[in-house]
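Peer 1: As input, take input.txt (compact mmCIF, N, CA and C atoms):
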# COMPACT_ATOMS: atom_id res chain seq x y z
N MET K 1 50.61 29.17 -2.02
CA MET K 1 49.83 29.65 -3.14
C MET K 1 48.88 28.54 -3.59
N PRO K 2 47.59 28.76 -3.47
CA PRO K 2 46.62 27.77 -3.93
C PRO K 2 46.68 27.58 -5.45
N ILE K 3 46.55 26.35 -5.86
CA ILE K 3 46.48 26.03 -7.29
C ILE K 3 45.35 25.05 -7.52
N SER K 4 44.83 25.07 -8.74
CA SER K 4 43.74 24.16 -9.09
C SER K 4 43.93 23.68 -10.51
N GLY K 5 43.91 22.38 -10.69
CA GLY K 5 43.91 21.79 -12.03
C GLY K 5 42.47 21.63 -12.46
N VAL K 6 42.12 22.17 -13.62
CA VAL K 6 40.72 22.17 -14.05
C VAL K 6 40.57 21.72 -15.50
N VAL K 7 39.36 21.30 -15.80
CA VAL K 7 38.94 21.08 -17.19
C VAL K 7 37.88 22.14 -17.46
N ILE K 8 38.12 22.93 -18.49
CA ILE K 8 37.17 23.97 -18.87
C ILE K 8 36.42 23.49 -20.10
N MET K 9 35.13 23.23 -19.93
CA MET K 9 34.31 22.74 -21.03
C MET K 9 33.75 23.93 -21.81
N THR K 10 33.89 23.86 -23.13
CA THR K 10 33.48 24.97 -23.98
C THR K 10 32.54 24.50 -25.09
N GLN K 11 31.89 25.46 -25.71
CA GLN K 11 31.18 25.16 -26.95
C GLN K 11 32.26 24.90 -28.00
N PRO K 12 32.20 23.78 -28.72
CA PRO K 12 33.28 23.40 -29.63
C PRO K 12 33.70 24.50 -30.61
N GLU K 13 32.75 25.25 -31.11
CA GLU K 13 33.09 26.30 -32.08
C GLU K 13 33.77 27.51 -31.43
N LYS K 14 33.78 27.58 -30.10
CA LYS K 14 34.40 28.72 -29.40
C LYS K 14 35.65 28.32 -28.62
N THR K 15 36.05 27.06 -28.70
CA THR K 15 37.18 26.57 -27.92
C THR K 15 38.46 27.35 -28.19
N GLU K 16 38.80 27.57 -29.44
CA GLU K 16 40.05 28.26 -29.77
C GLU K 16 40.06 29.69 -29.25
N ASN K 17 38.91 30.36 -29.29
CA ASN K 17 38.82 31.73 -28.76
C ASN K 17 39.01 31.73 -27.25
N VAL K 18 38.36 30.80 -26.56
CA VAL K 18 38.51 30.70 -25.11
C VAL K 18 39.96 30.39 -24.76
N LEU K 19 40.58 29.48 -25.50
CA LEU K 19 41.98 29.13 -25.25
C LEU K 19 42.88 30.35 -25.40
N ALA K 20 42.65 31.15 -26.42
CA ALA K 20 43.44 32.36 -26.63
C ALA K 20 43.26 33.35 -25.47
N LEU K 21 42.04 33.51 -24.99
CA LEU K 21 41.77 34.40 -23.86
C LEU K 21 42.45 33.90 -22.59
N LEU K 22 42.39 32.60 -22.35
CA LEU K 22 43.04 32.03 -21.17
C LEU K 22 44.54 32.22 -21.22
N ASN K 23 45.12 32.08 -22.40
CA ASN K 23 46.57 32.22 -22.56
C ASN K 23 47.06 33.65 -22.33
N GLN K 24 46.16 34.61 -22.31
CA GLN K 24 46.52 36.00 -22.02
C GLN K 24 46.61 36.28 -20.53
N LYS K 25 46.10 35.37 -19.72
CA LYS K 25 46.10 35.56 -18.27
C LYS K 25 47.40 35.03 -17.65
N ASP K 26 48.02 35.85 -16.81
CA ASP K 26 49.28 35.46 -16.17
C ASP K 26 49.11 34.33 -15.16
N ASP K 27 47.94 34.21 -14.56
CA ASP K 27 47.71 33.24 -13.50
C ASP K 27 47.05 31.95 -13.99
N VAL K 28 47.03 31.76 -15.32
CA VAL K 28 46.47 30.56 -15.93
C VAL K 28 47.50 29.94 -16.87
N THR K 29 47.71 28.65 -16.73
CA THR K 29 48.57 27.90 -17.66
C THR K 29 47.71 26.85 -18.32
N THR K 30 47.71 26.83 -19.65
CA THR K 30 46.91 25.84 -20.37
C THR K 30 47.81 24.71 -20.87
N TYR K 31 47.20 23.54 -21.01
CA TYR K 31 47.93 22.35 -21.44
C TYR K 31 47.25 21.66 -22.62
N GLY K 32 46.54 22.44 -23.42
CA GLY K 32 45.96 21.89 -24.63
C GLY K 32 44.47 21.62 -24.53
N VAL K 33 43.97 21.07 -25.64
CA VAL K 33 42.54 20.79 -25.79
C VAL K 33 42.35 19.29 -25.95
N HIS K 34 41.37 18.77 -25.25
CA HIS K 34 41.05 17.34 -25.31
C HIS K 34 39.65 17.18 -25.92
N LYS K 35 39.54 16.35 -26.92
CA LYS K 35 38.26 16.04 -27.58
C LYS K 35 37.51 17.28 -28.05
N ASP K 36 38.23 18.23 -28.60
CA ASP K 36 37.68 19.42 -29.28
C ASP K 36 37.02 20.46 -28.38
N TYR K 37 36.70 20.16 -27.13
CA TYR K 37 36.02 21.18 -26.33
C TYR K 37 36.32 21.13 -24.83
N HIS K 38 37.37 20.44 -24.45
CA HIS K 38 37.82 20.42 -23.05
C HIS K 38 39.23 21.02 -22.98
N ILE K 39 39.36 22.17 -22.36
CA ILE K 39 40.66 22.81 -22.19
C ILE K 39 41.21 22.40 -20.83
N ILE K 40 42.44 21.90 -20.84
CA ILE K 40 43.10 21.49 -19.60
C ILE K 40 43.93 22.69 -19.12
N ALA K 41 43.76 23.07 -17.85
CA ALA K 41 44.44 24.27 -17.35
C ALA K 41 44.76 24.14 -15.87
N VAL K 42 45.71 24.98 -15.44
CA VAL K 42 46.04 25.12 -14.02
C VAL K 42 45.86 26.60 -13.68
N LEU K 43 45.13 26.86 -12.60
CA LEU K 43 44.89 28.21 -12.11
C LEU K 43 45.69 28.41 -10.84
N GLU K 44 46.32 29.57 -10.70
CA GLU K 44 47.09 29.91 -9.50
C GLU K 44 46.59 31.23 -8.94
N ALA K 45 46.53 31.32 -7.61
CA ALA K 45 46.04 32.54 -6.97
C ALA K 45 46.73 32.74 -5.62
N ASP K 46 46.55 33.94 -5.06
CA ASP K 46 47.14 34.25 -3.75
C ASP K 46 46.37 33.64 -2.59
N SER K 47 45.08 33.34 -2.83
CA SER K 47 44.25 32.78 -1.76
C SER K 47 43.20 31.87 -2.38
N SER K 48 42.62 31.03 -1.56
CA SER K 48 41.56 30.15 -2.06
C SER K 48 40.34 30.96 -2.48
N ARG K 49 40.08 32.08 -1.80
CA ARG K 49 38.97 32.94 -2.19
C ARG K 49 39.21 33.52 -3.58
N ARG K 50 40.43 33.96 -3.86
CA ARG K 50 40.75 34.51 -5.18
C ARG K 50 40.65 33.43 -6.25
N LEU K 51 41.04 32.21 -5.92
CA LEU K 51 40.91 31.09 -6.86
C LEU K 51 39.45 30.88 -7.23
N GLU K 52 38.58 30.95 -6.25
CA GLU K 52 37.15 30.81 -6.50
C GLU K 52 36.64 31.96 -7.37
N GLU K 53 37.08 33.18 -7.07
CA GLU K 53 36.68 34.34 -7.87
C GLU K 53 37.14 34.19 -9.32
N MET K 54 38.36 33.69 -9.52
CA MET K 54 38.88 33.50 -10.87
C MET K 54 38.01 32.57 -11.69
N THR K 55 37.59 31.46 -11.09
CA THR K 55 36.76 30.52 -11.83
C THR K 55 35.43 31.15 -12.22
N LYS K 56 34.85 31.95 -11.33
CA LYS K 56 33.60 32.64 -11.64
C LYS K 56 33.81 33.65 -12.78
N GLU K 57 34.92 34.39 -12.72
CA GLU K 57 35.21 35.38 -13.76
C GLU K 57 35.38 34.71 -15.12
N ILE K 58 36.11 33.62 -15.17
CA ILE K 58 36.32 32.91 -16.44
C ILE K 58 34.99 32.45 -17.00
N GLN K 59 34.17 31.87 -16.16
CA GLN K 59 32.89 31.34 -16.63
C GLN K 59 31.96 32.46 -17.08
N GLN K 60 31.95 33.59 -16.38
CA GLN K 60 31.02 34.66 -16.70
C GLN K 60 31.51 35.58 -17.82
N GLU K 61 32.83 35.75 -17.95
CA GLU K 61 33.36 36.75 -18.87
C GLU K 61 33.87 36.20 -20.19
N MET K 62 33.96 34.89 -20.33
CA MET K 62 34.47 34.32 -21.57
C MET K 62 33.35 33.61 -22.30
N PRO K 63 32.88 34.19 -23.40
CA PRO K 63 31.80 33.55 -24.16
C PRO K 63 32.21 32.17 -24.64
N GLY K 64 31.33 31.22 -24.47
CA GLY K 64 31.60 29.86 -24.92
C GLY K 64 31.99 28.91 -23.81
N VAL K 65 32.25 29.41 -22.60
CA VAL K 65 32.59 28.53 -21.47
C VAL K 65 31.30 27.96 -20.91
N LEU K 66 31.20 26.65 -20.89
CA LEU K 66 30.01 25.97 -20.38
C LEU K 66 30.16 25.57 -18.91
N GLY K 67 31.39 25.33 -18.47
CA GLY K 67 31.61 24.93 -17.09
C GLY K 67 33.08 24.75 -16.80
N ILE K 68 33.43 24.84 -15.53
CA ILE K 68 34.80 24.64 -15.08
C ILE K 68 34.76 23.54 -14.02
N PHE K 69 35.50 22.48 -14.27
CA PHE K 69 35.45 21.30 -13.43
C PHE K 69 36.83 21.01 -12.84
N PRO K 70 36.98 21.15 -11.51
CA PRO K 70 38.27 20.91 -10.89
C PRO K 70 38.64 19.43 -10.87
N ALA K 71 39.90 19.15 -11.18
CA ALA K 71 40.44 17.80 -11.05
C ALA K 71 41.18 17.70 -9.72
N TYR K 72 41.82 18.80 -9.31
CA TYR K 72 42.46 18.85 -8.00
C TYR K 72 42.57 20.30 -7.56
N VAL K 73 42.64 20.49 -6.25
CA VAL K 73 42.85 21.80 -5.66
C VAL K 73 43.84 21.61 -4.52
N ASN K 74 44.87 22.45 -4.48
CA ASN K 74 45.86 22.37 -3.41
C ASN K 74 45.99 23.73 -2.76
N PHE K 75 45.70 23.78 -1.46
CA PHE K 75 45.86 25.03 -0.72
C PHE K 75 46.49 24.76 0.65
N GLU K 76 47.32 23.71 0.72
CA GLU K 76 47.89 23.34 2.02
C GLU K 76 48.77 24.44 2.59
N ASN K 77 49.47 25.22 1.77
CA ASN K 77 50.29 26.32 2.29
C ASN K 77 49.42 27.35 3.01
N GLU K 78 48.23 27.57 2.46
CA GLU K 78 47.31 28.53 3.09
C GLU K 78 46.86 28.01 4.45
N VAL K 79 46.59 26.73 4.56
CA VAL K 79 46.18 26.12 5.84
C VAL K 79 47.32 26.12 6.84
N ASN K 80 48.53 25.82 6.38
CA ASN K 80 49.69 25.78 7.28
C ASN K 80 50.08 27.15 7.81
N GLU K 81 49.71 28.22 7.11
CA GLU K 81 50.09 29.57 7.53
C GLU K 81 49.17 30.13 8.60
N THR K 82 48.00 29.52 8.83
CA THR K 82 47.08 30.07 9.81
C THR K 82 47.26 29.45 11.17
What does this structure look like when you write it as structure tokens?

Peer 2:
Amino acid sequence: MPISGVVIMTQPEKTENVLALLNQKDDVTTYGVHKDYHIIAVLEADSSRRLEEMTKEIQQEMPGVLGIFPAYVNFENEVNET
């Protein structure tokens, strides 16, 4: 299962709303807010393609998201299965 540790940069006045929306998703785990507008999160998906789609969906569908910046991505299980 591919996973990605990310920093989600938000407009400061919308950070709490974005955090609440992220916490409603089963495939996202949040670890708090850093410096008022950086949400620390881990995304999990069935495939690396789905992981990429998730990041696009978060950025496009959640008002206040300025960018999603990966700190790490692990998909070695996906590579080992092929």

Peer 1: With all atoms listed in the file as the atoms that count, which of K:Met62, K:Val28, K:Ala45, K:Ile3 lies nearest to Phe75 of chain K?

Peer 2: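 Once distances to Phe75 of chain K are computed over all atoms listed in the file, the minimum belongs to K:Ile3.
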
Peer 1: Extract, using all atoms listed in the file, all DNA, RNA and protein residues at most 7 Å from segment 69-73 of chain K, discarding same-chain residues fewer than 5 positions from it, and format them as a ChimeraX atom specification.

Peer 2: /K:2-9

Peer 1: Kindly save the residues from that selection, with N, CA and C atoms included, as a compact mmCIF listing (two decimals), in the coordinates of the input.

Peer 2:
# COMPACT_ATOMS: atom_id res chain seq x y z
N PRO K 2 47.59 28.76 -3.47
CA PRO K 2 46.62 27.77 -3.93
C PRO K 2 46.68 27.58 -5.45
N ILE K 3 46.55 26.35 -5.86
CA ILE K 3 46.48 26.03 -7.29
C ILE K 3 45.35 25.05 -7.52
N SER K 4 44.83 25.07 -8.74
CA SER K 4 43.74 24.16 -9.09
C SER K 4 43.93 23.68 -10.51
N GLY K 5 43.91 22.38 -10.69
CA GLY K 5 43.91 21.79 -12.03
C GLY K 5 42.47 21.63 -12.46
N VAL K 6 42.12 22.17 -13.62
CA VAL K 6 40.72 22.17 -14.05
C VAL K 6 40.57 21.72 -15.50
N VAL K 7 39.36 21.30 -15.80
CA VAL K 7 38.94 21.08 -17.19
C VAL K 7 37.88 22.14 -17.46
N ILE K 8 38.12 22.93 -18.49
CA ILE K 8 37.17 23.97 -18.87
C ILE K 8 36.42 23.49 -20.10
N MET K 9 35.13 23.23 -19.93
CA MET K 9 34.31 22.74 -21.03
C MET K 9 33.75 23.93 -21.81

Peer 1: My list of candidates is K:Asn74, K:Pro12, K:Ser47, K:Glu61. Which is closest to Lys35 of chain K when distances are computed with all atoms listed in the file?

Peer 2: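 Residue with the minimum atom-to-atom distance to Lys35 of chain K: K:Pro12.
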
Peer 1: One number please: atom CA of Gly64 of chain K to atom C of Gln11 of chain K, in Å, one decimal.

Peer 2: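 Interatomic distance here is 5.9 Å.
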
Peer 1: Rank K:Asp36, K:Val65, K:Glu52, K:Asp46 by their smallest atom-to-atom distance to Leu22 of chain K, using only C-alpha atoms, and report the top residue only.

Peer 2: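 Looking at the shortest contact to Leu22 of chain K, the residue is K:Val65.
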
Peer 1: Just checking: using only C-alpha atoms, which residue out of K:Arg49, K:Glu76, K:Gln59, K:Gln24 ends up closest to Thr10 of chain K?

Peer 2: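 So, comparing all the options, the nearest one is K:Gln59.
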
Peer 1: Which centre and edge lengths in Å to one decimal define the box along x, y and z that fits every listed atom of segment 23-29 of chain K plus 3 Å per side, as lines of an AutoDock Vina configuration file?

Peer 2:
center_x = 47.2
center_y = 31.6
center_z = -18.0
size_x = 10.2
size_y = 15.4
size_z = 15.1

Peer 1: Take atom C of Thr15 of chain K and atom CA of Glu53 of chain K and report the distance between them in Å, one decimal.

Peer 2: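 Interatomic distance here is 21.6 Å.
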
Peer 1: Measuring between only C-alpha atoms, which one of K:Leu43, K:Lys14, K:Thr55, K:Gln60 shows the shortest distance to Asp26 of chain K?

Peer 2: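 Checking each of K:Leu43, K:Lys14, K:Thr55, K:Gln60 against Asp26 of chain K, counting only C-alpha atoms, the winner is K:Leu43.
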
Peer 1: Could you state the separation of atom N of Asn17 of chain K and atom CA of Ile40 of chain K in Å, given to one decimal place?

Peer 2: 13.8 Å

Peer 1: Please, which residues of chain K, numbered as in this document, come out alpha helix (DSSP H) from DSSP, as an NGL selection string?

Peer 2: :K and (15-23 or 48-61 or 76-81)

Peer 1: Please determine, counting all atoms listed in the file, which residue among K:His34, K:Lys56, K:Gly67, K:Glu44 has the shortest atom-to-atom distance to Met1 of chain K.

Peer 2: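 For Met1 of chain K, the nearest of the candidates is K:Glu44.
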